[in-house]
Amino acid sequence: AKKCYLTGRWVNDLGSTMTIKILNANGDFSGIYNTSVSATTKEIIPSPLLGSQHPPNRWNQSTFGFTIHWSFSDSITVFTGQCFVNDDGKEILKTMWLLRSCVDKIQDDWKAILVGYNEFEHL
Ligand SMILES: CC(=O)N1C(=O)N[C@@H]2[C@H](CCCCC(=O)O)SC[C@@H]21
């Protein structure tokens, strides 16, 4: 049965895609994220990500987290979630994320974070 390793290509409900490279023995990984949307007007380019996944075991599907260091803006996004195998045998990543934008002054800190959730499917 599928074990929900993050290695490979994923697409989310916004049409963004990511490619996760082979996990090392600790479950750490790197990859590339191609966002289809941005909070900035800057030209979007693929951006590196680093993360970790708990090795899935037989009793449950595993949790993970990763950080995207955007190449085209001064912001950072962190994702966390869990990989599930649904009733059709499809691997689904249920995630939540925080996008921290870079604001000019501390008085603007209140509007510096966006939060959201979404799902990724394995390509
Ligand atoms: C999966 C998902 O929800 N998102 C996705 O695929 N792209 C957007 C954001 C892209 C931020 C780009 C950098 C910037 O605008 O500063 S990260 C969360 C959201």
# chains A, B, ... in the order shown; residues from 1 in each chain; ligands from 1
>>> residues_near_ligand(ligand="ligand 1", cutoff="7 Å", atoms="only C-alpha atoms and all ligand atoms", output="list in words")
Asn12, Leu14, Ser16, Thr35, Ser36, Val37, Ser38, Ala39, Thr40, Trp70, Ser73, Asp74, Ser75, Ile76, Thr77, Trp97, Leu99, Ser101, Gly116, Tyr117 and Asn118 of chain A
>>> select_by_dssp(residues="range 65-105 of chain A", states="strand (DSSP E or B)", output="number ranges by chain")
A: 65-69, 76-85, 91-100
>>> atom_distance(atom1="CA of Thr80 in chain A", atom2="CA of Leu6 in chain A")
12.4 Å
>>> closest_residue(among="A:Asn34, A:Gln61, A:Gln53, A:Thr41", to="Asn86 in chain A", atoms="only C-alpha atoms")
A:Gln61
>>> closest_residue(among="A:Ala25, A:Asp104, A:Ile44, A:Gly31", to="Gly8 in chain A", atoms="only C-alpha atoms")
A:Gly31
>>> atom_distance(atom1="CA of Ile22 in chain A", atom2="CA of Thr7 in chain A")
5.5 Å
>>> closest_residue(among="A:His69, A:Lys90, A:Lys111, A:Lys3", to="Ile32 in chain A", atoms="only C-alpha atoms")
A:His69
>>> atom_distance(atom1="CA of Tyr33 in chain A", atom2="CA of Asp109 in chain A")
25.8 Å
>>> closest_residue(among="A:Ser62, A:Ser30, A:Thr19, A:Asn24", to="Gln82 in chain A", atoms="only C-alpha atoms")
A:Ser62
>>> closest_residue(among="A:Gly27, A:Phe120, A:Met18, A:Leu114", to="Pro48 in chain A", atoms="only C-alpha atoms")
A:Met18
